[in-house]
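Asker: This is the structure I want to talk about, given as structure tokens.
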Amino acid sequence: MLGRKAARPAGDAGGEALRLEGVRRVYGPEGNQVVALDGVSLSLPVGSFTAVMGPSGSGKSTLLQCAAGLDRPTAGRVFVDGAELAGGSEAALTKFRRQRIGFVFQQFNLLPTLTVMQNVTLPLKLAGRKVDRRRAQEVLERVGLGDRLDHLPSELSGGQQQRVAIARALVTEPRVVFGDEPTGALDTRSARAVLALLQEAVRVYGQTVVMVTHDPVAAAHADAVLYLADGRIVGYQQAPTAETVAERMTHLADEVERQRITAGV
Ligand SMILES: Nc1ncnc2c1ncn2[C@@H]1O[C@H](COP(=O)(O)OP(=O)(O)OP(=O)(O)O)[C@@H](O)[C@H]1O
């Protein structure tokens, strides 16, 4: 019903969606540098739902930005669906993102003067693709907003706005959808609805999702959790539950604190 990906069963990996090889991101001038990512390598299969967790400042957002082509690594390589997100011009990077990547932000980032339908069809327009209003409507129905097409974002609740943002991220059938704290600004009930939609995108439609979160309950909706500390991957957990994630996060925070004290930082 929703195009070529619709029938892909959950768990039918069908290859690698995202690959990072030795990704490093250093901010700031020589002599005053911050190493935000310190050689991150990972491989995520198509149709996987991964949460990224770690203490504040561990590099989660930087990882997402580098993987999504919103930022350039200082060193290392990023591949999305087998294609390298390489040097090139800003325009080339933008084109790469528009063709292969969807992004959901904490603050929704909808355009306030465009209707729900216009917000959702915008990525198709920007990518120079046919604006298929029927397809956009189907995706909006999927997120439960089929009856709000002509409304402005300001006429919707936060949870509804985030569901529009999810529809906007899914409409181009991107290779990977990235979410940076997509439930961070929502109440518990709206957050649950958003997480259920992301799960459905993965399980029913074979989408690949990578989500940064601080919330163990949100992380437990993913198939696996990647733990970051000081710019490095320090753990990987499959079939997470809110309890096991919370426990690991507590240990991780204690461990990072101990190391910082030992290092005199
Ligand atoms: N533009 C920048 N310039 C300088 N340093 C930066 C910049 N962006 C991030 N950093 C630093 O890089 C490190 C990683 O930041 P990042 O935002 O990726 O962490 P995070 O795990 O997402 O943190 P939080 O959970 O608090 O959002 C931090 O030490 C941060 O201060």
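Chain lettering (A, B, ...) mirrors the order of the structure tokens, residue numbering begins at 1 for each chain separately, and ligand numbering begins at 1 in order of display.
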Which residues, written as number ranges by chain, have at least one atom at most 7 Å from Phe105 (chain A), with only C-alpha atoms counted and residues fewer than 5 positions away on the same chain left out?
Answerer: A: 179-182
Asker: Produce a table with one row for each residue of chain A that has an atom at most 8 Å from any atom of ligand 1, each row naming the nearest atom pair and its distance in Å at one decimal; use only C-alpha atoms and all ligand atoms; arrange rows by chain and rising residue number; format as JSON lines.
Answerer:
{"residue": "A:Val26", "atom": "CA", "partner": "ligand 1", "partner_atom_place_in_ligand_line": "12 (O)", "distance": 7.7}
{"residue": "A:Tyr27", "atom": "CA", "partner": "ligand 1", "partner_atom_place_in_ligand_line": "4 (C)", "distance": 4.6}
{"residue": "A:Gly28", "atom": "CA", "partner": "ligand 1", "partner_atom_place_in_ligand_line": "4 (C)", "distance": 5.5}
{"residue": "A:Gln33", "atom": "CA", "partner": "ligand 1", "partner_atom_place_in_ligand_line": "4 (C)", "distance": 7.8}
{"residue": "A:Val34", "atom": "CA", "partner": "ligand 1", "partner_atom_place_in_ligand_line": "5 (N)", "distance": 5.8}
{"residue": "A:Val35", "atom": "CA", "partner": "ligand 1", "partner_atom_place_in_ligand_line": "12 (O)", "distance": 6.4}
{"residue": "A:Ala36", "atom": "CA", "partner": "ligand 1", "partner_atom_place_in_ligand_line": "12 (O)", "distance": 4.0}
{"residue": "A:Leu37", "atom": "CA", "partner": "ligand 1", "partner_atom_place_in_ligand_line": "14 (C)", "distance": 7.2}
{"residue": "A:Met53", "atom": "CA", "partner": "ligand 1", "partner_atom_place_in_ligand_line": "21 (O)", "distance": 7.7}
{"residue": "A:Gly54", "atom": "CA", "partner": "ligand 1", "partner_atom_place_in_ligand_line": "21 (O)", "distance": 6.1}
{"residue": "A:Pro55", "atom": "CA", "partner": "ligand 1", "partner_atom_place_in_ligand_line": "25 (O)", "distance": 6.0}
{"residue": "A:Ser56", "atom": "CA", "partner": "ligand 1", "partner_atom_place_in_ligand_line": "26 (O)", "distance": 3.6}
{"residue": "A:Gly57", "atom": "CA", "partner": "ligand 1", "partner_atom_place_in_ligand_line": "19 (O)", "distance": 3.5}
{"residue": "A:Ser58", "atom": "CA", "partner": "ligand 1", "partner_atom_place_in_ligand_line": "21 (O)", "distance": 3.9}
{"residue": "A:Gly59", "atom": "CA", "partner": "ligand 1", "partner_atom_place_in_ligand_line": "18 (O)", "distance": 3.2}
{"residue": "A:Lys60", "atom": "CA", "partner": "ligand 1", "partner_atom_place_in_ligand_line": "21 (O)", "distance": 3.9}
{"residue": "A:Ser61", "atom": "CA", "partner": "ligand 1", "partner_atom_place_in_ligand_line": "22 (O)", "distance": 3.7}
{"residue": "A:Thr62", "atom": "CA", "partner": "ligand 1", "partner_atom_place_in_ligand_line": "18 (O)", "distance": 3.7}
{"residue": "A:Leu63", "atom": "CA", "partner": "ligand 1", "partner_atom_place_in_ligand_line": "18 (O)", "distance": 6.4}
{"residue": "A:Val212", "atom": "CA", "partner": "ligand 1", "partner_atom_place_in_ligand_line": "22 (O)", "distance": 7.9}
{"residue": "A:His214", "atom": "CA", "partner": "ligand 1", "partner_atom_place_in_ligand_line": "25 (O)", "distance": 7.0}
{"residue": "A:Leu228", "atom": "CA", "partner": "ligand 1", "partner_atom_place_in_ligand_line": "21 (O)", "distance": 7.7}
{"residue": "A:Asp230", "atom": "CA", "partner": "ligand 1", "partner_atom_place_in_ligand_line": "14 (C)", "distance": 7.7}
{"residue": "A:Gly231", "atom": "CA", "partner": "ligand 1", "partner_atom_place_in_ligand_line": "14 (C)", "distance": 7.0}
Asker: Store the residues picked out above in a file with C-alpha atoms, as a compact mmCIF listing (two decimals), in the first residue's frame.
Answerer:
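As written to disk, out.txt reads:
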# COMPACT_ATOMS: atom_id res chain seq x y z
CA VAL A 26 36.83 17.15 17.19
CA TYR A 27 35.47 20.61 17.93
CA GLY A 28 37.39 23.81 18.58
CA GLN A 33 39.93 20.98 21.42
CA VAL A 34 37.01 18.86 22.52
CA VAL A 35 36.91 15.29 21.25
CA ALA A 36 33.18 14.67 20.90
CA LEU A 37 33.54 11.34 19.07
CA MET A 53 22.17 6.47 25.29
CA GLY A 54 24.94 7.91 27.40
CA PRO A 55 25.68 10.59 29.98
CA SER A 56 25.34 14.26 29.04
CA GLY A 57 28.21 15.29 26.76
CA SER A 58 29.06 11.70 25.75
CA GLY A 59 28.62 12.52 22.05
CA LYS A 60 25.11 11.23 21.29
CA SER A 61 23.93 14.24 19.28
CA THR A 62 27.27 14.51 17.52
CA LEU A 63 27.02 10.84 16.53
CA VAL A 212 18.97 9.36 20.87
CA HIS A 214 17.75 10.06 27.87
CA LEU A 228 28.28 6.00 24.59
CA ASP A 230 33.32 10.12 26.38
CA GLY A 231 32.83 9.76 22.63
Asker: Give me the residues within 12 Å of Leu156 (chain A) as a list of chain:residue names, counting only C-alpha atoms and dropping any in the same chain fewer than 5 places off.
Answerer: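 Contacts, in chain order: A:Phe108, A:Leu110, A:Pro112, A:Thr115, A:Val116, A:Leu145, A:Asp147, A:Arg148, A:Leu149, A:Asp150, A:His151, A:Gln161, A:Gln162, A:Arg163, A:Val164, A:Ala165.
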Asker: Write out, as a PDB file, in the first residue's frame, the residues just selected, with N, CA and C atoms.
Answerer:
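The result, written out as result_11.pdb:
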ATOM      1  N   PHE A 108      10.244  19.374  17.052  1.00  0.00           N
ATOM      2  CA  PHE A 108       9.386  19.135  15.884  1.00  0.00           C
ATOM      3  C   PHE A 108       9.896  19.794  14.584  1.00  0.00           C
ATOM      4  N   LEU A 110       8.561  21.976  12.548  1.00  0.00           N
ATOM      5  CA  LEU A 110       7.632  22.128  11.426  1.00  0.00           C
ATOM      6  C   LEU A 110       7.647  23.582  10.983  1.00  0.00           C
ATOM      7  N   PRO A 112       5.891  26.873  10.456  1.00  0.00           N
ATOM      8  CA  PRO A 112       4.638  27.325  11.076  1.00  0.00           C
ATOM      9  C   PRO A 112       3.603  27.862  10.097  1.00  0.00           C
ATOM     10  N   THR A 115       0.588  24.243   6.108  1.00  0.00           N
ATOM     11  CA  THR A 115      -0.373  23.298   6.698  1.00  0.00           C
ATOM     12  C   THR A 115       0.318  21.960   6.947  1.00  0.00           C
ATOM     13  N   VAL A 116      -0.417  21.082   7.633  1.00  0.00           N
ATOM     14  CA  VAL A 116       0.089  19.734   7.899  1.00  0.00           C
ATOM     15  C   VAL A 116       0.469  19.053   6.583  1.00  0.00           C
ATOM     16  N   LEU A 145      -3.527  11.325  11.741  1.00  0.00           N
ATOM     17  CA  LEU A 145      -3.859  12.732  11.507  1.00  0.00           C
ATOM     18  C   LEU A 145      -4.480  12.968  10.128  1.00  0.00           C
ATOM     19  N   ASP A 147      -7.359  13.496   9.393  1.00  0.00           N
ATOM     20  CA  ASP A 147      -8.433  14.498   9.397  1.00  0.00           C
ATOM     21  C   ASP A 147      -7.920  15.896   9.744  1.00  0.00           C
ATOM     22  N   ARG A 148      -6.596  16.083   9.765  1.00  0.00           N
ATOM     23  CA  ARG A 148      -6.059  17.403  10.135  1.00  0.00           C
ATOM     24  C   ARG A 148      -5.190  18.003   9.026  1.00  0.00           C
ATOM     25  N   LEU A 149      -5.406  17.579   7.802  1.00  0.00           N
ATOM     26  CA  LEU A 149      -4.500  17.940   6.696  1.00  0.00           C
ATOM     27  C   LEU A 149      -4.332  19.438   6.488  1.00  0.00           C
ATOM     28  N   ASP A 150      -5.420  20.201   6.692  1.00  0.00           N
ATOM     29  CA  ASP A 150      -5.359  21.626   6.384  1.00  0.00           C
ATOM     30  C   ASP A 150      -5.100  22.499   7.612  1.00  0.00           C
ATOM     31  N   HIS A 151      -4.766  21.851   8.707  1.00  0.00           N
ATOM     32  CA  HIS A 151      -4.487  22.627   9.918  1.00  0.00           C
ATOM     33  C   HIS A 151      -3.044  23.123   9.927  1.00  0.00           C
ATOM     34  N   GLN A 161       1.952  17.445  16.677  1.00  0.00           N
ATOM     35  CA  GLN A 161       2.996  18.053  15.830  1.00  0.00           C
ATOM     36  C   GLN A 161       4.137  17.065  15.597  1.00  0.00           C
ATOM     37  N   GLN A 162       4.488  16.306  16.645  1.00  0.00           N
ATOM     38  CA  GLN A 162       5.584  15.351  16.462  1.00  0.00           C
ATOM     39  C   GLN A 162       5.159  14.221  15.525  1.00  0.00           C
ATOM     40  N   ARG A 163       3.864  13.896  15.540  1.00  0.00           N
ATOM     41  CA  ARG A 163       3.396  12.849  14.623  1.00  0.00           C
ATOM     42  C   ARG A 163       3.441  13.356  13.176  1.00  0.00           C
ATOM     43  N   VAL A 164       3.179  14.663  12.989  1.00  0.00           N
ATOM     44  CA  VAL A 164       3.338  15.247  11.643  1.00  0.00           C
ATOM     45  C   VAL A 164       4.810  15.156  11.230  1.00  0.00           C
ATOM     46  N   ALA A 165       5.695  15.460  12.180  1.00  0.00           N
ATOM     47  CA  ALA A 165       7.135  15.419  11.877  1.00  0.00           C
ATOM     48  C   ALA A 165       7.566  13.996  11.498  1.00  0.00           C
TER      49      ALA A 165
END
Asker: With DSSP run on the backbone, what are the helix (DSSP H, G or I) residues within region 116-254 of chain A? I'd like them as a PyMOL selection string.
Answerer: chain A and resi 116-126+133-142+153-155+158-170+188-203+216-219+242-254
Asker: List as a list of chain:residue names the protein and nucleic acid residues near Ala196 (chain A), meaning an atom at most 12 Å away when only C-alpha atoms are counted, but skip any in the same chain fewer than 6 places from it.
Answerer: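 Once the adjacent positions are removed, what remains is A:Phe49, A:Arg142, A:Val143, A:Gly144, A:Arg163, A:Ile166, A:Thr183, A:Arg189, A:Ser190, A:Val202, A:Arg203, A:Val204, A:Ala218, A:Ala219, A:Ala220, A:His221, A:Ala222.
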